[in-house]
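**Q** Got a structure for you, written out below as structure tokens; questions coming shortly.
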Amino acid sequence: MGLEGTLTDYFDIDQHDTTVRTELLAGLTTFLTMSYIVVVNPAILAGIPDAKPGIIIQGFDPATVRSMLAVVTIIAAAVATLIMGLYANRPFGQAPGLGLNAFFAFTVVGALGIPWQTALAAVVVEGIIFIGLTAVGAREYIIKVFPQPVKFAVGTGIGLFLALIGLEEMNIVVADPATYVTLGSVAADPIAILSVVGLFLTFALYARGVRGSIIIGILLTTLLGWVVTQAGLVAPDAGLVAGPATAQYDITPLAGAFVSGLGNVEAFSFALIVFTFFFVDFFDTAGTLTGVSQVAGFLDDEGNLPDIDRPLMADAVGTTVGGMLGTSTVTTYIESASGVEEGGRTGLTAVTVGLLFVASLAIVPLAAAIPLYASHIALVVIGVVMLRNVVDIAWDDITYTVPAGMTILVMPFTFSIAYGIAAGIISYPIVKVAAGEFDDVRAGHWVLAAAFVVYFVVRTSGVLAAQV
């Protein structure tokens with residue numbers, strides 16, 4: 001039969017009106033559009049002592065930790081995406097998600113002061129819960145218990161959250177005692193100048209529809225920074241251009257670290273973190289699957305994706321494996337639409353993406369050498385793109401406007417995805433009841449709202465310790 005015939009039969013390629021060649025090219029396209037995560041995820045998760053929250057391992061410098069995290073990112077993405085292709089037979093790529101990795105580093109580890117090992121434990125627990133709920137077919141119940149305007153608003157809120165983080169790292173936005181935030185010294189700061197040039201270059205490539213535009217923009221910005229430094233136009237600066245890094249493929253300090261994080265946890269605070277990881281992971285994945293499936297023509301007459309539990313299971317397993325290895329939550333990437341638009345319709349597209357992730361282990365040293373300001377260009381670009389989610393919100397209905405608006409505003413202003421979700425969930429039943437729309441409020445809405453009110457009271461009163 002030959003390899004092509006075997007692939008055709010296994011992935012039902014003829015039934016989906018595609019070809020092996022088309023599927024392979026679609027997989028390459030998807031990989032190029034989402035490959036930036038190999039550079040960006042380590043840059044976000046790896047902390048710097050006394051400077052940046054995240055995963056800090058004694059005895060290892062930040063560049064080495066980024067190298068480890070690049071390996072873990074690749075493995076988690078490859079495992080999840082291969083399961084997506086081989087088990088679910090869908091053309092969706094998966095990897096650690098932007099937004100949740102920032103929540104992991106800046107909110108959980110940074111603001112809450114929770115050990116990174118405990119944060120990884122929360123990721124693993126969330127993944128296991130996700131697996132269990134998917135296995136018993138509880139997807140519809142979960143969707144009904146969460147307010148619709150909050151679900152629609154989360155993507156936009158995360159987009160603002162990511163953009164703020166990226167602009168701050170690029171020295172474009174800086175702290176100000178009078179206005180809280182303001183424009184940095186863009187014309188005088190070499191990092192800011194390089195960042196602005198790199199950002200608009202990336203936007204231009206993205207607008208032109210160039211495949212891999214984000215990773216190309218990151219690499220060109222890094223190269224420009226190196227050239228400027230070598231030319232002596234600016235003084236060498238460790239924060240400006242990272243030095244060469246030695247590949248660190250030994251991930252032993254990360255793998256299994258979640259086990260120690262399970263000890264001595266404060267139940268309520270830990271549960272909030274698990275809840276946030278689960279909420280964003282579940283609805284981001286479900287929303288992305290539905291959106292990309294619409295482009296691919298997979299949806300039925302009622303707008304549902306048949307057998308959606310299979311791709312959800314791939315996501316859940318990927319998250320669990322990723323947390324065990326040492327990275328944040330895995331989710332389905334909206335960039336999968338690029339491969340679908342190239343004709344990808346089966347799991348062979350996803351398998352191609354997964355294998356290309358494995359091949360990208362060769363570029364781990366490069367991932368560790370990318371300067372932070374260059375890698376964070378991706379956060380701003382993706383953050384801007386995520387703002388388009390606001391069109392799904394019924395802004396003419398005040399019972400949608402209030403919870404959606406609170407979700408979107410609170411996330412960036414409190415630097416926390418969890419607080420934004422909480423604000424939306426608390427406000428939803430209140431405005432619904434006030435408007436006389438009692439039938440739209442379920443018991444689960446009140447339970448969630450009450451739980452978050454208790455958390456905020458305890459948290460802000462200082463009773464709850466910062467550590468769990």
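Identifiers in this document derive from the order of the structure tokens: chains are assigned A, B, ..., residues are numbered from 1 separately in each chain, and ligands are numbered from 1 in order of occurrence.
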For Ala443 (chain A), list every protein, DNA or RNA residue within 12 Å, evaluated using only C-alpha atoms, and leave out those in the same chain fewer than 6 positions away; present the list as a PyMOL selection string.
**A** chain A and resi 144-147+429+449-450
**Q** Tell me, as a count of residues only, which residues lie within 12 Å of Thr6 (chain A), counting only C-alpha atoms; anything in the same chain fewer than 6 positions away does not count.
**A** 5
**Q** Which parts of region 101-203 of chain A does DSSP call strand (DSSP E or B) when run on the backbone here, written out as number ranges by chain?
**A** A: 173-176, 180-183
**Q** Just all heavy atoms for this one: save the residues we selected as a PDB file, in the first residue's frame.
**A**
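Heads up, here's the output in result38.pdb:
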```
ATOM      1  N   VAL A 173       5.943  51.256  27.877  1.00  0.00           N
ATOM      2  CA  VAL A 173       5.086  51.678  28.988  1.00  0.00           C
ATOM      3  C   VAL A 173       5.878  51.516  30.280  1.00  0.00           C
ATOM      4  O   VAL A 173       6.480  50.463  30.512  1.00  0.00           O
ATOM      5  CB  VAL A 173       3.792  50.842  29.050  1.00  0.00           C
ATOM      6  CG1 VAL A 173       3.026  51.134  30.339  1.00  0.00           C
ATOM      7  CG2 VAL A 173       2.915  51.133  27.844  1.00  0.00           C
ATOM      8  N   VAL A 174       5.900  52.560  31.118  1.00  0.00           N
ATOM      9  CA  VAL A 174       6.657  52.513  32.368  1.00  0.00           C
ATOM     10  C   VAL A 174       5.768  53.010  33.505  1.00  0.00           C
ATOM     11  O   VAL A 174       4.732  53.651  33.297  1.00  0.00           O
ATOM     12  CB  VAL A 174       7.931  53.394  32.290  1.00  0.00           C
ATOM     13  CG1 VAL A 174       8.878  52.873  31.223  1.00  0.00           C
ATOM     14  CG2 VAL A 174       7.562  54.847  32.020  1.00  0.00           C
ATOM     15  N   ALA A 175       6.196  52.711  34.731  1.00  0.00           N
ATOM     16  CA  ALA A 175       5.450  53.145  35.911  1.00  0.00           C
ATOM     17  C   ALA A 175       5.596  54.642  36.108  1.00  0.00           C
ATOM     18  O   ALA A 175       6.617  55.237  35.753  1.00  0.00           O
ATOM     19  CB  ALA A 175       5.964  52.400  37.147  1.00  0.00           C
ATOM     20  N   ASP A 176       4.557  55.249  36.694  1.00  0.00           N
ATOM     21  CA  ASP A 176       4.582  56.683  36.977  1.00  0.00           C
ATOM     22  C   ASP A 176       3.818  56.935  38.276  1.00  0.00           C
ATOM     23  O   ASP A 176       2.687  56.450  38.422  1.00  0.00           O
ATOM     24  CB  ASP A 176       3.927  57.463  35.829  1.00  0.00           C
ATOM     25  CG  ASP A 176       4.014  58.967  36.037  1.00  0.00           C
ATOM     26  OD1 ASP A 176       5.004  59.556  35.580  1.00  0.00           O
ATOM     27  OD2 ASP A 176       3.095  59.537  36.648  1.00  0.00           O
ATOM     28  N   TYR A 180       0.201  56.384  37.338  1.00  0.00           N
ATOM     29  CA  TYR A 180       0.346  54.930  37.450  1.00  0.00           C
ATOM     30  C   TYR A 180       1.153  54.349  36.285  1.00  0.00           C
ATOM     31  O   TYR A 180       2.120  53.634  36.496  1.00  0.00           O
ATOM     32  CB  TYR A 180      -1.021  54.243  37.560  1.00  0.00           C
ATOM     33  CG  TYR A 180      -1.815  54.695  38.754  1.00  0.00           C
ATOM     34  CD1 TYR A 180      -2.934  55.501  38.602  1.00  0.00           C
ATOM     35  CD2 TYR A 180      -1.431  54.333  40.041  1.00  0.00           C
ATOM     36  CE1 TYR A 180      -3.654  55.943  39.705  1.00  0.00           C
ATOM     37  CE2 TYR A 180      -2.145  54.771  41.151  1.00  0.00           C
ATOM     38  CZ  TYR A 180      -3.249  55.577  40.981  1.00  0.00           C
ATOM     39  OH  TYR A 180      -3.947  56.007  42.065  1.00  0.00           O
ATOM     40  N   VAL A 181       0.750  54.624  35.051  1.00  0.00           N
ATOM     41  CA  VAL A 181       1.537  54.203  33.885  1.00  0.00           C
ATOM     42  C   VAL A 181       1.632  55.376  32.922  1.00  0.00           C
ATOM     43  O   VAL A 181       0.759  56.239  32.889  1.00  0.00           O
ATOM     44  CB  VAL A 181       0.914  52.992  33.159  1.00  0.00           C
ATOM     45  CG1 VAL A 181       0.971  51.752  34.031  1.00  0.00           C
ATOM     46  CG2 VAL A 181      -0.516  53.284  32.733  1.00  0.00           C
ATOM     47  N   THR A 182       2.721  55.388  32.150  1.00  0.00           N
ATOM     48  CA  THR A 182       2.889  56.452  31.165  1.00  0.00           C
ATOM     49  C   THR A 182       3.819  55.960  30.062  1.00  0.00           C
ATOM     50  O   THR A 182       4.370  54.846  30.151  1.00  0.00           O
ATOM     51  CB  THR A 182       3.470  57.723  31.820  1.00  0.00           C
ATOM     52  OG1 THR A 182       3.436  58.796  30.880  1.00  0.00           O
ATOM     53  CG2 THR A 182       4.915  57.503  32.262  1.00  0.00           C
ATOM     54  N   LEU A 183       4.023  56.783  29.043  1.00  0.00           N
ATOM     55  CA  LEU A 183       4.920  56.435  27.946  1.00  0.00           C
ATOM     56  C   LEU A 183       6.367  56.576  28.405  1.00  0.00           C
ATOM     57  O   LEU A 183       6.745  57.550  29.054  1.00  0.00           O
ATOM     58  CB  LEU A 183       4.664  57.354  26.753  1.00  0.00           C
ATOM     59  CG  LEU A 183       5.485  57.089  25.487  1.00  0.00           C
ATOM     60  CD1 LEU A 183       5.071  55.762  24.865  1.00  0.00           C
ATOM     61  CD2 LEU A 183       5.288  58.220  24.481  1.00  0.00           C
TER      62      LEU A 183
END
```
**Q** Residues near Glu335 (chain A), anyone? I mean within 9 Å using only C-alpha atoms, not counting same-chain ones fewer than 4 positions away, as a compact mmCIF listing (two decimals) with N, CA, C and O atoms, in the first residue's frame.
**A**
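As written to disk, around22.txt reads:
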```
# COMPACT_ATOMS: atom_id res chain seq x y z
N THR A 30 0.72 25.90 9.89
CA THR A 30 0.31 26.07 11.28
C THR A 30 1.52 26.17 12.20
O THR A 30 1.57 27.02 13.11
N PHE A 31 2.51 25.32 11.97
CA PHE A 31 3.70 25.35 12.83
C PHE A 31 4.41 26.69 12.74
O PHE A 31 4.82 27.25 13.75
N THR A 33 3.19 29.58 12.07
CA THR A 33 2.44 30.66 12.69
C THR A 33 2.43 30.59 14.20
O THR A 33 2.22 31.61 14.87
N MET A 34 2.65 29.41 14.79
CA MET A 34 2.61 29.29 16.24
C MET A 34 3.97 28.94 16.86
O MET A 34 4.09 28.81 18.08
N PHE A 92 -5.68 20.61 14.53
CA PHE A 92 -5.45 21.70 15.47
C PHE A 92 -4.10 21.56 16.18
O PHE A 92 -3.77 20.48 16.67
N GLY A 93 -3.35 22.65 16.23
CA GLY A 93 -2.08 22.66 16.95
C GLY A 93 -2.29 23.11 18.38
O GLY A 93 -3.15 23.94 18.67
N VAL A 292 -12.17 27.70 14.72
CA VAL A 292 -11.40 27.10 13.63
C VAL A 292 -12.24 26.07 12.89
O VAL A 292 -12.13 25.94 11.65
N GLY A 339 -3.49 26.88 8.99
CA GLY A 339 -3.35 25.60 8.32
C GLY A 339 -4.65 25.13 7.69
O GLY A 339 -4.65 24.54 6.60
```
**Q** Just to confirm, what's the straight-line distance from CA of Asp17 (chain A) to CA of Arg211 (chain A) in Å (one decimal)?
**A**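 It comes out at 24.1 Å.
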